[in-house]
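Structure file model29.txt; described as compact mmCIF, C-alpha atoms and all ligand atoms.
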```txt
# COMPACT_ATOMS: atom_id res chain seq x y z
CA GLY A 1 0.00 0.00 0.00
CA ILE A 2 0.85 3.67 -0.14
CA ASP A 3 1.52 4.85 3.41
CA HIS A 4 2.60 8.44 2.95
CA LEU A 5 2.12 11.14 0.37
CA SER A 6 5.90 11.56 0.40
CA ASP A 7 6.22 8.02 -1.02
CA LEU A 8 4.91 9.45 -4.29
CA GLU A 9 6.97 11.38 -6.79
CA LYS A 10 5.22 13.68 -9.31
CA LEU A 11 6.07 12.92 -12.93
CA ALA A 12 3.62 15.00 -14.99
CA VAL A 13 0.29 16.80 -14.97
CA LEU A 14 -2.49 14.65 -16.44
CA GLY A 15 -5.20 17.28 -16.37
CA HIS A 16 -7.12 19.95 -14.51
CA GLY A 17 -10.66 19.73 -13.23
CA ASN A 18 -13.20 21.59 -11.22
CA GLY A 19 -11.48 21.54 -7.87
CA GLY A 20 -7.89 20.67 -8.58
CA THR A 21 -5.22 18.96 -10.62
CA VAL A 22 -4.45 15.34 -11.48
CA TYR A 23 -0.80 14.26 -11.59
CA LYS A 24 0.92 11.14 -12.85
CA VAL A 25 3.00 9.91 -9.92
CA ARG A 26 5.43 7.09 -9.15
CA HIS A 27 5.53 5.13 -5.93
CA LYS A 28 9.23 5.40 -5.05
CA ARG A 29 9.64 2.01 -3.39
CA THR A 30 7.78 -0.15 -5.91
CA ALA A 31 8.03 2.07 -9.04
CA SER A 32 4.26 1.59 -9.57
CA ILE A 33 2.49 4.38 -11.39
CA PHE A 34 -0.66 6.06 -10.02
CA ALA A 35 -2.78 9.11 -10.75
CA LEU A 36 -2.89 11.58 -7.86
CA LYS A 37 -5.84 13.91 -7.70
CA VAL A 38 -5.18 16.96 -5.53
CA LEU A 39 -8.21 18.95 -4.41
CA ARG A 40 -7.67 22.35 -2.85
CA PHE A 41 -10.04 23.72 -0.30
CA ASP A 42 -11.22 27.14 0.55
CA GLN A 43 -9.84 27.77 4.05
CA ASN A 44 -13.28 28.68 5.36
CA ALA A 45 -15.14 25.77 3.85
CA THR A 46 -14.77 23.33 6.72
CA GLY A 47 -18.22 21.80 6.16
CA ILE A 48 -17.45 21.05 2.55
CA ARG A 49 -14.12 19.61 3.50
CA GLN A 50 -15.61 17.31 6.11
CA GLN A 51 -18.12 16.06 3.58
CA ALA A 52 -15.32 15.40 1.07
CA VAL A 53 -13.34 13.44 3.65
CA ARG A 54 -16.42 11.38 4.46
CA GLU A 55 -17.01 10.65 0.77
CA ALA A 56 -13.36 9.74 0.34
CA GLU A 57 -13.72 7.04 2.97
CA ILE A 58 -16.56 5.52 0.92
CA LEU A 59 -14.42 5.72 -2.21
CA LYS A 60 -11.86 3.39 -0.67
CA LEU A 61 -14.52 0.70 -0.22
CA VAL A 62 -15.42 0.71 -3.90
CA ASP A 63 -13.80 -2.21 -5.69
CA SER A 64 -15.08 -3.05 -9.16
CA PRO A 65 -13.47 -3.63 -12.56
CA TYR A 66 -15.82 -0.97 -13.94
CA ILE A 67 -14.73 1.77 -11.57
CA VAL A 68 -11.40 3.55 -11.27
CA ARG A 69 -9.81 2.20 -8.08
CA CYS A 70 -8.92 4.61 -5.30
CA HIS A 71 -5.91 3.20 -3.41
CA ALA A 72 -5.33 5.83 -0.75
CA VAL A 73 -6.64 9.14 0.51
CA PHE A 74 -4.44 11.77 2.18
CA ASN A 75 -5.95 14.59 4.13
CA SER A 76 -3.25 17.22 4.52
CA GLU A 77 -3.40 20.79 5.72
CA ASP A 78 -4.83 22.55 2.72
CA ASP A 79 -5.69 19.81 0.32
CA LEU A 80 -7.17 16.36 -0.04
CA CYS A 81 -5.30 13.87 -2.25
CA PHE A 82 -6.49 10.66 -3.86
CA ALA A 83 -4.07 8.07 -5.21
CA MET A 84 -5.99 6.40 -8.02
CA GLU A 85 -5.44 3.74 -10.58
CA HIS A 86 -3.66 5.37 -13.52
CA MET A 87 -5.75 5.27 -16.68
CA GLU A 88 -3.11 5.50 -19.41
CA ARG A 89 -5.33 6.57 -22.28
CA GLY A 90 -7.06 9.49 -20.60
CA SER A 91 -10.76 10.21 -20.84
CA LEU A 92 -13.55 9.77 -23.36
CA HIS A 93 -13.67 13.57 -23.45
CA ASP A 94 -10.14 13.63 -24.86
CA VAL A 95 -11.18 11.13 -27.55
CA LEU A 96 -14.21 13.23 -28.56
CA LEU A 97 -12.16 16.42 -28.44
CA VAL A 98 -9.91 15.31 -31.29
CA GLY A 99 -12.98 14.77 -33.44
CA LYS A 100 -13.39 11.00 -33.16
CA VAL A 101 -16.89 9.70 -33.74
CA LEU A 102 -17.25 6.24 -32.27
CA ASN A 103 -19.04 3.38 -33.98
CA GLU A 104 -21.98 1.59 -32.38
CA ASP A 105 -19.96 -1.52 -31.52
CA ILE A 106 -17.54 0.50 -29.45
CA ILE A 107 -20.26 2.67 -27.93
CA SER A 108 -22.30 -0.37 -26.88
CA ARG A 109 -19.28 -1.80 -25.11
CA VAL A 110 -18.66 1.49 -23.30
CA ALA A 111 -22.35 1.73 -22.36
CA LEU A 112 -22.37 -1.83 -20.98
CA ARG A 113 -19.34 -1.15 -18.80
CA VAL A 114 -20.85 2.08 -17.48
CA LEU A 115 -24.12 0.28 -16.72
CA LYS A 116 -22.25 -2.46 -14.83
CA GLY A 117 -20.38 0.23 -12.90
CA LEU A 118 -23.62 2.04 -12.07
CA HIS A 119 -25.23 -1.25 -11.04
CA TYR A 120 -22.38 -1.79 -8.59
CA LEU A 121 -22.48 1.78 -7.23
CA HIS A 122 -26.26 1.87 -6.91
CA GLY A 123 -26.06 -1.46 -5.07
CA MET A 124 -23.88 0.36 -2.53
CA GLN A 125 -26.44 3.17 -2.40
CA ILE A 126 -24.05 5.52 -4.19
CA VAL A 127 -25.37 7.92 -6.81
CA HIS A 128 -22.53 8.95 -9.12
CA GLY A 129 -24.10 12.29 -9.97
CA ASP A 130 -21.49 13.38 -12.50
CA ILE A 131 -21.40 10.90 -15.40
CA LYS A 132 -19.85 12.77 -18.36
CA PRO A 133 -17.12 12.05 -20.92
CA SER A 134 -14.28 13.49 -18.78
CA ASN A 135 -15.22 11.10 -15.96
CA LEU A 136 -15.08 7.97 -18.15
CA LEU A 137 -11.43 6.95 -18.29
CA ILE A 138 -9.64 4.46 -20.53
CA ASN A 139 -6.67 2.28 -19.56
CA ALA A 140 -3.90 0.78 -21.69
CA ASN A 141 -6.06 -2.27 -22.52
CA GLY A 142 -8.90 -0.08 -23.77
CA ASP A 143 -11.15 -0.77 -20.79
CA VAL A 144 -13.43 2.11 -19.86
CA LYS A 145 -14.07 2.79 -16.15
CA ILE A 146 -16.08 5.32 -14.20
CA ALA A 147 -14.17 7.92 -12.16
CA ASP A 148 -15.01 10.73 -9.79
CA PHE A 149 -18.20 10.24 -7.88
CA GLY A 150 -19.24 12.08 -4.82
CA VAL A 151 -16.12 14.02 -4.08
CA SER A 152 -16.09 16.24 -7.15
CA ARG A 153 -19.56 17.48 -6.31
CA VAL A 154 -18.67 18.97 -2.96
CA VAL A 155 -15.50 20.76 -3.95
CA VAL A 156 -15.20 24.50 -4.51
CA GLY A 157 -14.47 25.42 -8.10
CA GLU A 158 -10.97 26.62 -8.88
CA ARG A 159 -11.32 26.87 -12.65
CA ASP A 160 -13.70 29.43 -14.20
CA ALA A 161 -16.77 28.68 -12.12
CA TYR A 162 -19.31 29.33 -14.86
CA GLU A 163 -17.61 27.08 -17.38
CA ALA A 164 -17.22 24.27 -14.85
CA TYR A 165 -20.81 24.61 -13.72
CA MET A 166 -22.09 24.50 -17.30
CA GLY A 167 -19.89 21.47 -18.03
CA THR A 168 -21.49 19.56 -15.21
CA CYS A 169 -25.05 20.79 -15.85
CA ALA A 170 -24.95 19.71 -19.48
CA TYR A 171 -25.26 16.06 -18.41
CA MET A 172 -27.76 16.58 -15.59
CA SER A 173 -31.27 15.16 -15.84
CA PRO A 174 -34.41 17.37 -16.04
CA GLU A 175 -35.50 16.48 -12.50
CA ARG A 176 -32.28 17.94 -11.08
CA PHE A 177 -33.37 21.37 -12.31
CA ASP A 178 -36.83 20.94 -10.82
CA PRO A 179 -36.94 21.99 -7.18
CA GLU A 180 -40.03 19.85 -6.66
CA GLY A 181 -38.82 16.76 -8.52
CA TRP A 182 -35.43 16.73 -6.87
CA GLY A 183 -35.50 15.77 -3.22
CA GLY A 184 -39.29 15.49 -3.30
CA ASP A 185 -40.58 12.09 -4.24
CA ASN A 186 -37.28 11.36 -5.98
CA PRO A 187 -34.91 11.29 -3.07
CA ASP A 188 -32.42 8.77 -4.45
CA GLY A 189 -31.40 10.21 -7.82
CA PHE A 190 -30.31 6.90 -9.39
CA ALA A 191 -32.35 7.73 -12.51
CA GLY A 192 -30.21 10.83 -13.03
CA ASP A 193 -27.15 8.67 -13.73
CA VAL A 194 -29.07 6.83 -16.47
CA TRP A 195 -30.01 10.14 -18.12
CA SER A 196 -26.36 11.25 -18.11
CA LEU A 197 -25.32 7.96 -19.71
CA GLY A 198 -27.88 8.58 -22.47
CA VAL A 199 -26.40 12.00 -23.24
CA VAL A 200 -22.88 10.50 -23.37
CA VAL A 201 -23.94 7.61 -25.62
CA LEU A 202 -25.63 9.96 -28.08
CA GLU A 203 -22.67 12.36 -27.99
CA CYS A 204 -20.30 9.51 -28.92
CA LEU A 205 -22.24 8.82 -32.13
CA VAL A 206 -22.92 12.42 -33.22
CA GLY A 207 -19.49 13.69 -32.14
CA HIS A 208 -20.63 16.73 -30.18
CA TYR A 209 -22.89 17.65 -27.26
CA PRO A 210 -26.24 16.49 -28.62
CA LEU A 211 -28.97 18.45 -26.83
CA ILE A 212 -28.36 21.89 -28.32
CA ARG A 213 -27.73 22.85 -31.93
CA TYR A 214 -24.10 22.33 -32.90
CA GLY A 215 -22.11 25.55 -32.72
CA GLU A 216 -24.72 27.27 -30.58
CA LYS A 217 -23.05 29.08 -27.68
CA PRO A 218 -24.61 27.33 -24.72
CA ASP A 219 -25.85 29.91 -22.27
CA TRP A 220 -27.47 28.71 -19.09
CA ALA A 221 -31.09 29.33 -20.15
CA ALA A 222 -30.69 27.59 -23.53
CA LEU A 223 -29.06 24.61 -21.88
CA VAL A 224 -31.67 24.13 -19.16
CA CYS A 225 -34.44 24.69 -21.69
CA ALA A 226 -33.01 22.04 -24.03
CA ILE A 227 -32.65 19.53 -21.20
CA CYS A 228 -36.03 20.09 -19.59
CA PHE A 229 -38.27 20.90 -22.58
CA GLY A 230 -36.35 20.21 -25.79
CA GLU A 231 -38.03 17.51 -27.85
CA ARG A 232 -35.51 17.56 -30.67
CA LEU A 233 -33.25 14.55 -30.31
CA GLU A 234 -30.69 14.67 -33.06
CA MET A 235 -30.44 10.96 -33.89
CA PRO A 236 -27.88 10.27 -36.60
CA GLU A 237 -29.41 8.96 -39.85
CA ASN A 238 -27.39 5.77 -39.64
CA ALA A 239 -28.26 4.94 -36.01
CA SER A 240 -29.61 1.42 -35.57
CA PRO A 241 -33.08 0.83 -34.09
CA GLU A 242 -31.44 -0.64 -30.97
CA PHE A 243 -29.30 2.46 -30.51
CA ARG A 244 -32.28 4.79 -30.94
CA ASN A 245 -34.39 2.85 -28.47
CA PHE A 246 -31.58 2.67 -25.89
CA VAL A 247 -31.00 6.44 -26.06
CA ARG A 248 -34.75 7.13 -25.85
CA ARG A 249 -35.05 4.96 -22.73
CA CYS A 250 -32.19 6.89 -21.10
CA LEU A 251 -33.38 10.33 -22.20
CA GLU A 252 -36.97 9.89 -21.03
CA LYS A 253 -37.64 13.24 -19.33
CA ASP A 254 -39.92 11.78 -16.65
CA TRP A 255 -37.55 9.87 -14.36
CA ARG A 256 -40.39 7.58 -13.29
CA LYS A 257 -40.73 6.28 -16.85
CA ARG A 258 -37.01 6.26 -17.65
CA GLY A 259 -35.19 2.97 -18.18
CA THR A 260 -33.59 1.60 -15.03
CA VAL A 261 -30.04 0.25 -14.89
CA GLU A 262 -31.47 -3.27 -14.55
CA GLU A 263 -33.65 -2.84 -17.65
CA LEU A 264 -30.84 -1.37 -19.74
CA LEU A 265 -28.35 -4.07 -18.71
CA VAL A 266 -30.42 -6.54 -20.75
CA HIS A 267 -31.23 -4.11 -23.58
CA PRO A 268 -30.43 -5.49 -27.07
CA PHE A 269 -28.14 -2.52 -27.80
CA VAL A 270 -25.60 -3.46 -25.13
CA ASN A 271 -25.99 -7.19 -25.57
CA LYS A 272 -24.73 -7.14 -29.13
CA SER A 273 -21.40 -6.10 -27.68
CA CYS A 274 -20.52 -9.45 -26.13
CA CYS A 275 -19.87 -10.83 -29.60
CA GLY A 276 -18.75 -7.65 -31.36
CA SER A 277 -16.22 -5.15 -30.12
CA THR A 278 -13.30 -5.77 -27.76
CA ALA A 279 -11.22 -3.58 -25.49
CA GLN A 280 -8.43 -3.79 -28.07
CA GLY A 281 -10.95 -2.57 -30.64
CA MET A 282 -11.35 0.57 -28.58
CA VAL A 283 -7.59 1.14 -28.59
CA ASP A 284 -7.28 0.47 -32.34
CA PHE A 285 -10.20 2.71 -33.20
CA CYS A 286 -9.51 5.64 -30.91
CA PHE A 287 -5.76 5.81 -30.68
CA GLN A 288 -4.31 4.81 -34.05
P1 LIG B 1 -14.52 17.39 -12.82
O1 LIG B 1 -13.66 18.16 -11.87
O2 LIG B 1 -15.88 17.95 -12.97
O3 LIG B 1 -14.49 15.92 -12.56
P2 LIG B 1 -12.77 16.73 -14.94
O4 LIG B 1 -13.21 15.32 -14.96
O5 LIG B 1 -12.41 17.35 -16.25
O6 LIG B 1 -13.86 17.62 -14.27
P3 LIG B 1 -10.66 15.89 -13.16
O7 LIG B 1 -11.49 14.79 -12.64
O8 LIG B 1 -9.87 16.66 -12.17
O9 LIG B 1 -11.50 16.92 -13.99
O10 LIG B 1 -9.66 15.29 -14.21
C1 LIG B 1 -8.92 16.09 -15.08
C2 LIG B 1 -8.33 15.24 -16.18
O11 LIG B 1 -7.28 14.44 -15.64
C3 LIG B 1 -9.31 14.24 -16.79
O12 LIG B 1 -10.06 14.81 -17.82
C4 LIG B 1 -8.38 13.15 -17.27
O13 LIG B 1 -7.88 13.48 -18.57
C5 LIG B 1 -7.24 13.19 -16.26
N1 LIG B 1 -7.40 12.13 -15.25
C6 LIG B 1 -8.20 12.15 -14.17
N2 LIG B 1 -8.10 11.03 -13.43
C7 LIG B 1 -7.20 10.25 -14.09
C8 LIG B 1 -6.66 8.92 -13.85
N3 LIG B 1 -7.04 8.18 -12.82
N4 LIG B 1 -5.77 8.45 -14.75
C9 LIG B 1 -5.39 9.19 -15.81
N5 LIG B 1 -5.86 10.41 -16.09
C10 LIG B 1 -6.75 10.95 -15.25
MG MG B 2 -13.30 14.17 -13.35
```
What would you get if you wrote out this structure as structure tokens?
Ligand code: ATP
Ligand code: MG
Amino acid sequence: GIDHLSDLEKLAVLGHGNGGTVYKVRHKRTASIFALKVLRFDQNATGIRQQAVREAEILKLVDSPYIVRCHAVFNSEDDLCFAMEHMERGSLHDVLLVGKVLNEDIISRVALRVLKGLHYLHGMQIVHGDIKPSNLLINANGDVKIADFGVSRVVVGERDAYEAYMGTCAYMSPERFDPEGWGGDNPDGFAGDVWSLGVVVLECLVGHYPLIRYGEKPDWAALVCAICFGERLEMPENASPEFRNFVRRCLEKDWRKRGTVEELLVHPFVNKSCCGSTAQGMVDFCFQ
């Protein structure tokens, strides 16, 4: 195990997020490579910090092949650090950013892995709450895993707050904008993770954020309006019937009628994948 933060040596910056920076680090004694996420805290935000520490303890209990492993948590004076499994190929966001449009075989495999990860988390009574391309990471084998639940939500923004807020809101379900729907008779929020998966799956096929017109500058009102009331789902011409139905079940605006993780785990769209695409296929397609 990793006993002290000083056992880790910083090698490079892997990326920046809402509340901090992720570094590639080496464990000096064993030469193993990890990703170290460093979250900085506002000095006054003791409540937020306590909540983050509590969530971090839960993170350490999570152990699934579909979820990025958290090996250690360090709570130092002005930051909170997580030593995570290093995901060599970065995030799905990086793949989409360079203009890759994924094919249905690959998308179905990604979707199945995310569903299995959500099934595991929901079984532990954990709502992810922030499923989006930058939180779906890819390792050297081409396996996709879910990262960043809980903790990222409670951290104070360091980056441009508006941009970060919009980035997170873009994948949020309609009920999360509805003060009566959220926390009312929908106290758990599991259905929100399914919605977010639907947005990601559609984005992978169309190649850009799918709920507002491409190129439109997404201001807050337009975004919320598109999520809560927009009926226009830009399905690509070539999308298969299984793909269309899967996305529709995820993007059902009424969370009561939305597909559940259990339903979608046996959906024909994701069950084609067991014979089709492989993890290596993901690597070949996205990184060659
Ligand atoms: P948010 O703060 O809302 O989660 P984000 O996902 O963009 O936004 P971070 O989670 O801090 O921000 O991650 C920043 C970037 O660092 C990611 O987009 C990813 O490219 C990289 N990264 C994060 N965790 C790992 C990891 N375990 N292995 C490799 N790269 C990682
Ligand atoms: Mg993240």
Using all atoms listed in the file, find each protein or nucleic acid residue lying at most 9 Å from ligand MG 2 (chain B); present the set as a PDB file with C-alpha atoms, in the frame of the given file.
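As a result, out_11.pdb now contains:
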```pdb
ATOM      1  CA  HIS A  16      -7.120  19.950 -14.510  1.00  0.00           C
ATOM      2  CA  GLY A  17     -10.660  19.730 -13.230  1.00  0.00           C
ATOM      3  CA  ASN A  18     -13.200  21.590 -11.220  1.00  0.00           C
ATOM      4  CA  SER A  91     -10.760  10.210 -20.840  1.00  0.00           C
ATOM      5  CA  ASP A 130     -21.490  13.380 -12.500  1.00  0.00           C
ATOM      6  CA  ILE A 131     -21.400  10.900 -15.400  1.00  0.00           C
ATOM      7  CA  LYS A 132     -19.850  12.770 -18.360  1.00  0.00           C
ATOM      8  CA  PRO A 133     -17.120  12.050 -20.920  1.00  0.00           C
ATOM      9  CA  SER A 134     -14.280  13.490 -18.780  1.00  0.00           C
ATOM     10  CA  ASN A 135     -15.220  11.100 -15.960  1.00  0.00           C
ATOM     11  CA  LEU A 136     -15.080   7.970 -18.150  1.00  0.00           C
ATOM     12  CA  LEU A 137     -11.430   6.950 -18.290  1.00  0.00           C
ATOM     13  CA  ALA A 147     -14.170   7.920 -12.160  1.00  0.00           C
ATOM     14  CA  ASP A 148     -15.010  10.730  -9.790  1.00  0.00           C
ATOM     15  CA  PHE A 149     -18.200  10.240  -7.880  1.00  0.00           C
ATOM     16  CA  SER A 152     -16.090  16.240  -7.150  1.00  0.00           C
TER      17      SER A 152
END
```
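Shell of Ile33 in chain A at 9 Å, with all atoms listed in the file counted and residues fewer than 5 places along the chain excluded, is Lys24, Val25, Arg26, His27, Glu85 and His86 of chain A.
For the pair CA of Gly189 in chain A and CA of Met124 in chain A, the interatomic distance is 13.5 Å.
The neighbours of Glu104 in chain A here are the residues that come within 10 Å of it, using all atoms listed in the file and leaving out any residue fewer than 4 positions away in the same chain; they are A:Ser108, A:Arg109, A:Val110, A:Val201, A:Cys204, A:Leu205, A:Asn238, A:Ala239, A:Ser240, A:Glu242, A:Phe243, A:Phe269, A:Val270, A:Lys272, A:Ser273, A:Gly276, A:Ser277.
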Suppose you want the space between CA of Arg40 in chain A and CA of Leu8 in chain A; what is it in Å?
-> 18.1 Å
Skipping near chain neighbours, those fewer than 4 positions away, what residues fall within 9 Å of Glu262 in chain A using only C-alpha atoms, listed as a compact mmCIF listing (two decimals) with C-alpha atoms, keeping the file's coordinate frame?
```
# COMPACT_ATOMS: atom_id res chain seq x y z
CA LEU A 115 -24.12 0.28 -16.72
CA HIS A 119 -25.23 -1.25 -11.04
CA VAL A 266 -30.42 -6.54 -20.75
```
Around (-19.6, 21.1, -27.3) in the file's frame, which residues reach within 12 Å when counting all atoms listed in the file? Return as number ranges by chain?
-> A: 93, 96-99, 133, 163, 166-167, 170-171, 200, 203-204, 206-219, 223
Pairwise distance for CA of Asp94 in chain A and atom C6 of ligand LIG 1 (chain B), rounded to one decimal in Å = 11.0 Å
Test item: axis-aligned box, all listed atoms of ligand LIG 1 (chain B), 4 Å on each side, centre and edges in Å rounded to one decimal, as AutoDock Vina command-line options:
```
--center_x -10.6 --center_y 13.2 --center_z -15.2 --size_x 18.5 --size_y 18.0 --size_z 14.7
```
Pick from A:Ile146, A:Ala56, A:Val127, A:Met282: nearest to ligand LIG 1 (chain B), with all atoms listed in the file counted?
-> A:Ile146
